[in-house]
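Asks: If it helps, the file is called protein-v7.pdb and holds PDB, C-alpha atoms:
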```pdb
ATOM      1  CA  MET L  32     -37.688 -25.781 -40.856
ATOM      2  CA  MET L  33     -33.924 -25.766 -40.997
ATOM      3  CA  ILE L  34     -33.839 -29.264 -42.508
ATOM      4  CA  GLY L  35     -36.218 -28.248 -45.331
ATOM      5  CA  GLY L  36     -34.022 -25.261 -46.204
ATOM      6  CA  CYS L  37     -30.936 -27.447 -46.312
ATOM      7  CA  ALA L  38     -32.641 -29.985 -48.564
ATOM      8  CA  ALA L  39     -33.758 -27.242 -50.957
ATOM      9  CA  SER L  40     -30.246 -25.808 -50.983
ATOM     10  CA  CYS L  41     -28.756 -29.216 -51.733
ATOM     11  CA  LYS L  42     -31.167 -29.671 -54.635
ATOM     12  CA  ARG L  43     -30.148 -26.288 -56.101
ATOM     13  CA  ASP L  44     -26.459 -27.176 -55.766
ATOM     14  CA  ALA L  45     -27.027 -30.527 -57.425
ATOM     15  CA  ALA L  46     -28.898 -28.855 -60.294
ATOM     16  CA  LYS L  47     -25.972 -26.456 -60.863
ATOM     17  CA  THR L  48     -23.475 -29.302 -61.176
ATOM     18  CA  ALA L  49     -22.722 -30.083 -64.823
ATOM     19  CA  VAL L  50     -22.786 -33.626 -66.044
ATOM     20  CA  VAL L  51     -19.191 -34.720 -66.527
ATOM     21  CA  LEU L  52     -18.538 -37.661 -68.804
ATOM     22  CA  ASP L  53     -15.889 -40.213 -68.057
ATOM     23  CA  PRO L  54     -13.263 -39.440 -70.747
ATOM     24  CA  ALA L  55     -12.863 -43.165 -71.386
ATOM     25  CA  SER L  56     -16.587 -43.789 -71.881
ATOM     26  CA  ALA L  57     -18.058 -44.500 -75.295
ATOM     27  CA  ALA L  58     -20.281 -41.412 -74.927
ATOM     28  CA  ALA L  59     -17.262 -39.186 -74.315
ATOM     29  CA  VAL L  60     -15.361 -40.720 -77.242
ATOM     30  CA  LYS L  61     -18.405 -40.198 -79.476
ATOM     31  CA  ALA L  62     -18.839 -36.583 -78.342
ATOM     32  CA  GLN L  63     -15.171 -35.720 -78.943
ATOM     33  CA  PHE L  64     -15.168 -37.496 -82.292
ATOM     34  CA  ASP L  65     -18.294 -35.607 -83.386
ATOM     35  CA  VAL L  66     -16.587 -32.317 -82.498
ATOM     36  CA  LEU L  67     -13.550 -33.289 -84.580
ATOM     37  CA  ARG L  68     -15.760 -34.361 -87.504
ATOM     38  CA  ASP L  69     -17.669 -31.082 -87.328
ATOM     39  CA  SER L  70     -14.368 -29.187 -87.386
ATOM     40  CA  VAL L  71     -13.275 -31.061 -90.518
ATOM     41  CA  ASP L  72     -16.630 -30.352 -92.158
ATOM     42  CA  VAL L  73     -16.391 -26.632 -91.358
ATOM     43  CA  LYS L  74     -12.861 -26.411 -92.798
ATOM     44  CA  TRP L  75     -13.973 -28.252 -95.946
ATOM     45  CA  ARG L  76     -17.006 -25.994 -96.312
ATOM     46  CA  ASP L  77     -14.905 -22.837 -95.848
ATOM     47  CA  MET L  78     -12.441 -24.048 -98.465
ATOM     48  CA  THR L  79     -15.073 -24.972-101.047
ATOM     49  CA  GLU L  80     -17.033 -21.758-100.436
ATOM     50  CA  SER L  81     -13.875 -19.770-101.127
ATOM     51  CA  ASP L  82     -13.338 -21.762-104.315
ATOM     52  CA  ASP L  83     -16.977 -21.219-105.317
ATOM     53  CA  GLN L  84     -16.439 -17.512-104.733
ATOM     54  CA  LYS L  85     -13.374 -17.576-107.010
ATOM     55  CA  ILE L  86     -15.467 -19.187-109.766
ATOM     56  CA  ALA L  87     -18.242 -16.601-109.252
ATOM     57  CA  VAL L  88     -15.819 -13.648-109.325
ATOM     58  CA  THR L  89     -14.240 -15.027-112.503
ATOM     59  CA  ARG L  90     -17.702 -15.200-114.064
ATOM     60  CA  LEU L  91     -18.414 -11.588-113.010
ATOM     61  CA  LEU L  92     -15.056 -10.430-114.360
ATOM     62  CA  LEU L  93     -15.709 -12.053-117.725
ATOM     63  CA  ARG L  94     -19.127 -10.383-117.878
ATOM     64  CA  GLU L  95     -17.572  -7.047-116.925
ATOM     65  CA  ILE L  96     -15.115  -7.092-119.818
ATOM     66  CA  LYS L  97     -17.567  -8.477-122.393
ATOM     67  CA  ASN L  98     -18.253  -5.080-123.998
ATOM     68  CA  GLN L  99     -14.718  -3.760-123.853
ATOM     69  CA  PRO L 100     -13.083  -2.890-127.173
ATOM     70  CA  GLY L 101     -10.583  -5.436-128.424
ATOM     71  CA  VAL L 102     -12.017  -8.346-126.430
ATOM     72  CA  GLU L 103     -12.466 -11.304-128.727
ATOM     73  CA  ALA L 104     -15.982 -12.736-128.224
ATOM     74  CA  SER L 105     -14.988 -16.310-129.077
ATOM     75  CA  LYS L 106     -12.060 -16.190-126.605
ATOM     76  CA  LEU L 107     -14.381 -14.844-123.924
ATOM     77  CA  GLN L 108     -16.930 -17.610-124.553
ATOM     78  CA  GLU L 109     -14.184 -20.210-124.314
ATOM     79  CA  LEU L 110     -13.082 -18.778-120.950
ATOM     80  CA  GLU L 111     -16.685 -18.665-119.696
ATOM     81  CA  ARG L 112     -17.194 -22.334-120.621
ATOM     82  CA  ALA L 113     -13.951 -23.358-118.917
ATOM     83  CA  ASN L 114     -14.982 -21.465-115.780
ATOM     84  CA  ALA L 115     -18.469 -23.029-115.809
ATOM     85  CA  ARG L 116     -16.949 -26.549-115.928
ATOM     86  CA  LEU L 117     -14.656 -26.052-112.925
ATOM     87  CA  LYS L 118     -17.128 -26.929-110.179
ATOM     88  CA  ALA L 119     -18.008 -30.247-111.804
ATOM     89  CA  ARG L 120     -14.295 -31.103-112.043
ATOM     90  CA  ARG L 121     -13.546 -30.369-108.391
ATOM     91  CA  TYR L 122     -12.554 -33.274-106.149
ATOM     92  CA  THR L 123     -14.460 -34.233-103.001
ATOM     93  CA  GLN L 124     -13.287 -35.336 -99.566
ATOM     94  CA  GLN L 125     -13.558 -38.920-100.764
ATOM     95  CA  THR L 126     -12.049 -38.548-104.249
ATOM     96  CA  MET L 127      -9.114 -36.390-103.157
ATOM     97  CA  ALA L 128      -7.324 -39.555-102.053
ATOM     98  CA  ASN L 129      -6.425 -39.657-105.748
ATOM     99  CA  SER L 130      -3.992 -36.727-105.809
ATOM    100  CA  ASP L 131      -4.170 -36.665-109.615
ATOM    101  CA  LEU L 132      -7.696 -35.256-109.290
ATOM    102  CA  ILE L 133      -6.390 -32.406-107.136
ATOM    103  CA  ASP L 134      -3.553 -31.756-109.581
ATOM    104  CA  ARG L 135      -5.913 -31.758-112.571
ATOM    105  CA  TYR L 136      -8.312 -29.383-110.869
ATOM    106  CA  ASP L 137      -5.528 -27.030-109.788
ATOM    107  CA  THR L 138      -4.045 -27.092-113.288
ATOM    108  CA  ALA L 139      -7.433 -26.346-114.889
ATOM    109  CA  GLN L 140      -8.084 -23.439-112.533
ATOM    110  CA  ASP L 141      -4.546 -22.045-112.799
ATOM    111  CA  SER L 142      -4.654 -22.287-116.588
ATOM    112  CA  LEU L 143      -7.988 -20.495-116.659
ATOM    113  CA  LEU L 144      -6.734 -17.650-114.461
ATOM    114  CA  ARG L 145      -3.524 -17.332-116.502
ATOM    115  CA  ALA L 146      -5.717 -16.976-119.599
ATOM    116  CA  VAL L 147      -8.215 -14.593-117.956
ATOM    117  CA  TYR L 148      -5.772 -12.052-116.509
ATOM    118  CA  PRO L 149      -4.258 -10.883-119.831
ATOM    119  CA  VAL L 150      -7.738 -10.550-121.357
ATOM    120  CA  ALA L 151      -9.254  -8.775-118.338
ATOM    121  CA  ALA L 152      -6.251  -6.644-117.437
ATOM    122  CA  PRO L 153      -3.793  -6.372-120.341
ATOM    123  CA  ASN L 154      -0.402  -5.313-118.994
ATOM    124  CA  ASP L 155      -1.967  -5.336-115.491
ATOM    125  CA  ASN L 156      -4.248  -2.483-116.546
ATOM    126  CA  ALA L 157      -7.922  -3.437-116.205
ATOM    127  CA  PRO L 158     -10.268  -1.273-118.315
ATOM    128  CA  THR L 159     -12.745  -0.512-115.496
ATOM    129  CA  GLU L 160     -12.691  -0.098-111.746
ATOM    130  CA  ASN L 161     -14.949  -3.151-111.375
ATOM    131  CA  ALA L 162     -12.587  -5.235-113.503
ATOM    132  CA  ARG L 163      -9.627  -4.080-111.376
ATOM    133  CA  ASN L 164     -11.504  -4.995-108.199
ATOM    134  CA  PHE L 165     -12.431  -8.412-109.597
ATOM    135  CA  VAL L 166      -8.842  -9.117-110.664
ATOM    136  CA  GLU L 167      -7.530  -8.102-107.238
ATOM    137  CA  GLY L 168     -10.223 -10.186-105.522
ATOM    138  CA  LEU L 169      -9.308 -13.225-107.631
ATOM    139  CA  ARG L 170      -5.649 -12.861-106.755
ATOM    140  CA  GLN L 171      -6.464 -12.651-103.042
ATOM    141  CA  LEU L 172      -8.761 -15.679-103.215
ATOM    142  CA  ASP L 173      -6.108 -17.606-105.112
ATOM    143  CA  GLU L 174      -3.477 -16.746-102.505
ATOM    144  CA  GLY L 175      -5.772 -18.131 -99.777
ATOM    145  CA  VAL L 176      -5.938 -21.654-101.232
ATOM    146  CA  VAL L 177      -2.837 -22.932 -99.424
ATOM    147  CA  GLY L 178      -4.055 -21.554 -96.092
ATOM    148  CA  PHE L 179      -7.435 -23.258 -96.446
ATOM    149  CA  ARG L 180      -5.731 -26.540 -97.308
ATOM    150  CA  LEU L 181      -3.417 -26.287 -94.307
ATOM    151  CA  GLN L 182      -6.379 -25.629 -91.988
ATOM    152  CA  TYR L 183      -8.255 -28.570 -93.464
ATOM    153  CA  ASP L 184      -5.201 -30.833 -93.116
ATOM    154  CA  ARG L 185      -4.785 -29.878 -89.451
ATOM    155  CA  ALA L 186      -8.415 -30.685 -88.687
ATOM    156  CA  ALA L 187      -8.353 -33.906 -90.742
ATOM    157  CA  SER L 188      -5.091 -35.010 -89.073
ATOM    158  CA  GLN L 189      -6.650 -34.566 -85.631
ATOM    159  CA  TYR L 190      -9.685 -36.520 -86.821
ATOM    160  CA  ASN L 191      -7.480 -39.311 -88.214
ATOM    161  CA  THR L 192      -5.370 -39.532 -85.064
ATOM    162  CA  TYR L 193      -8.433 -39.676 -82.828
ATOM    163  CA  LEU L 194     -10.025 -42.279 -85.076
ATOM    164  CA  GLN L 195      -6.896 -44.416 -84.903
ATOM    165  CA  LEU L 196      -6.716 -44.160 -81.109
ATOM    166  CA  HIS L 197     -10.425 -44.816 -80.482
ATOM    167  CA  GLN L 198     -11.537 -46.953 -83.409
ATOM    168  CA  THR L 199     -12.634 -49.851 -81.184
ATOM    169  CA  GLU L 200     -14.836 -47.641 -78.998
ATOM    170  CA  LEU L 201     -16.318 -45.913 -82.048
ATOM    171  CA  GLN L 202     -17.044 -49.192 -83.837
ATOM    172  CA  SER L 203     -18.859 -50.449 -80.737
ATOM    173  CA  LEU L 204     -21.329 -47.567 -81.177
ATOM    174  CA  GLY L 205     -22.512 -49.078 -84.468
ATOM    175  CA  GLY L 206     -24.373 -47.110 -87.135
ATOM    176  CA  LYS L 207     -22.273 -44.480 -88.889
ATOM    177  CA  TYR L 208     -19.443 -45.117 -86.426
ATOM    178  CA  ALA L 209     -19.048 -48.786 -87.346
ATOM    179  CA  ASP L 210     -17.072 -48.298 -90.554
ATOM    180  CA  LEU L 211     -15.184 -45.019 -90.301
ATOM    181  CA  LYS L 212     -12.182 -44.421 -92.536
ATOM    182  CA  LYS L 213      -9.260 -42.046 -92.275
ATOM    183  CA  LEU L 214      -9.632 -38.892 -94.324
ATOM    184  CA  PRO L 215      -7.145 -38.168 -97.091
ATOM    185  CA  LEU L 216      -4.979 -35.072 -96.696
ATOM    186  CA  PHE L 217      -3.575 -32.521 -99.103
ATOM    187  CA  THR L 218      -0.111 -32.892 -97.565
ATOM    188  CA  ILE L 219       2.052 -35.131 -99.707
ATOM    189  CA  GLY L 220       3.199 -38.207 -97.830
ATOM    190  CA  ALA L 221       0.981 -37.479 -94.807
ATOM    191  CA  ASN L 222      -1.663 -40.083 -95.647
TER     192      ASN L 222
END
```
What is this file in structure tokens?
Replies:
Amino acid sequence: MMIGGCAASCKRDAAKTAVVLDPASAAAVKAQFDVLRDSVDVKWRDMTESDDQKIAVTRLLLREIKNQPGVEASKLQELERANARLKARRYTQQTMANSDLIDRYDTAQDSLLRAVYPVAAPNDNAPTENARNFVEGLRQLDEGVVGFRLQYDRAASQYNTYLQLHQTELQSLGGKYADLKKLPLFTIGAN
């Protein structure tokens, strides 16, 4: 009876033991790489969602001031069109290797906001509480851009370093791992 109890106890202990991967194994390299890739994807998604929110708030602000006295309808339509085109002009993770695309996008968005603020809040005095809230929200979102880019760069740098160190193991996995490329960064000179 004692032997049966010991065997059952050993089975329970074995079941509680977690599977530990050899850190040098292809499976461990793949698992760590997937974590790093997921981190990059989350940072990219957070950044683009914030930018999408900035575009949406700009649209709401322009709608809010549409019926205000002194607002030129043709100027407002021009600003609405410029805002609507922003998303299509935005760079991607692949195209951002061309820093001119980033610069053009940033310039288009900055120019739009510089044109929107005086219309929406002349002399920093928005005509409605909603307009004031939208202007303040836009300014906060705009201030967050650098932080999102720094977070993305950190995650992408870790990804790139890991890829460089383990490229052979990753390529041996085949499939999507066979032809991985370094990700471009926002940081000038860091590519």
Asks: Please evaluate the PyMOL selection byres ((chain L and resi 91) around 12) against the displayed coordinates and give the resulting residues as a VMD selection string.
Replies: chain L and resid 84 to 90 92 to 97 110 to 111 114 to 115 147 151 161 to 166 168 to 169
Asks: Applied to the shown file, which residues does the PyMOL selection byres ((chain L and resi 200-217) around 9) return, written as a ChimeraX atom specification?
Replies: /L:56-58,60-61,64,124-130,133,180-181,183-185,187-188,190-192,194-195,197-199,218-222
Asks: One decimal, in Å: what's the spacing between CA of Met78 (chain L) and CA of Tyr193 (chain L)?
Replies: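 Answer for the CA of Met78 (chain L) to CA of Tyr193 (chain L) separation: 22.5 Å.
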Asks: With the file shown as input, list the residues that the PyMOL selection byres ((chain L and resi 79) around 12) selects, as a PyMOL selection string.
Replies: chain L and resi 72-78+80-86+117-118+121-124+172+175-176+179-180+183
Asks: Grab all the atoms of region 109-117 of chain L that the file lists, wrap them in a box along x, y and z, add 3 Å per side, and give me centre plus edge lengths in Å (one decimal) as lines of an AutoDock Vina configuration file.
Replies:
```
center_x = -15.8
center_y = -22.6
center_z = -118.6
size_x = 11.4
size_y = 13.9
size_z = 17.4
```
Asks: Here is a test: counting only C-alpha atoms, which residue of L:Ala113, L:Leu196, L:Val102, L:Leu143 is nearest to Pro158 (chain L)?
Replies: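 Looking only at the distances to Pro158 (chain L), the closest residue turns out to be L:Val102.
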Asks: If I take CA of Gly101 (chain L) and CA of Pro153 (chain L), how far is one from the other in Å, to one decimal?
Replies: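 Atom-to-atom, CA of Gly101 (chain L) and CA of Pro153 (chain L) are spaced 10.6 Å apart.
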Asks: Can you tell me how far CA of Leu67 (chain L) sits from CA of Ala186 (chain L), in Å to one decimal?
Replies: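 If I compute the distance from CA of Leu67 (chain L) to CA of Ala186 (chain L), I get 7.1 Å.
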Asks: Quick one: of L:Arg68, L:Lys106, L:Arg145, L:Arg120, who's nearest to Leu132 (chain L), counting all atoms listed in the file?
Replies: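 Looking at the shortest contact to Leu132 (chain L), the residue is L:Arg120.
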Asks: Choose the residue, out of L:Gln63, L:Asn156, L:Ser70, L:Asn98, that has the smallest atom-to-atom separation from Gln182 (chain L); count only C-alpha atoms.
Replies: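 Closest to Gln182 (chain L), using only C-alpha atoms: L:Ser70.
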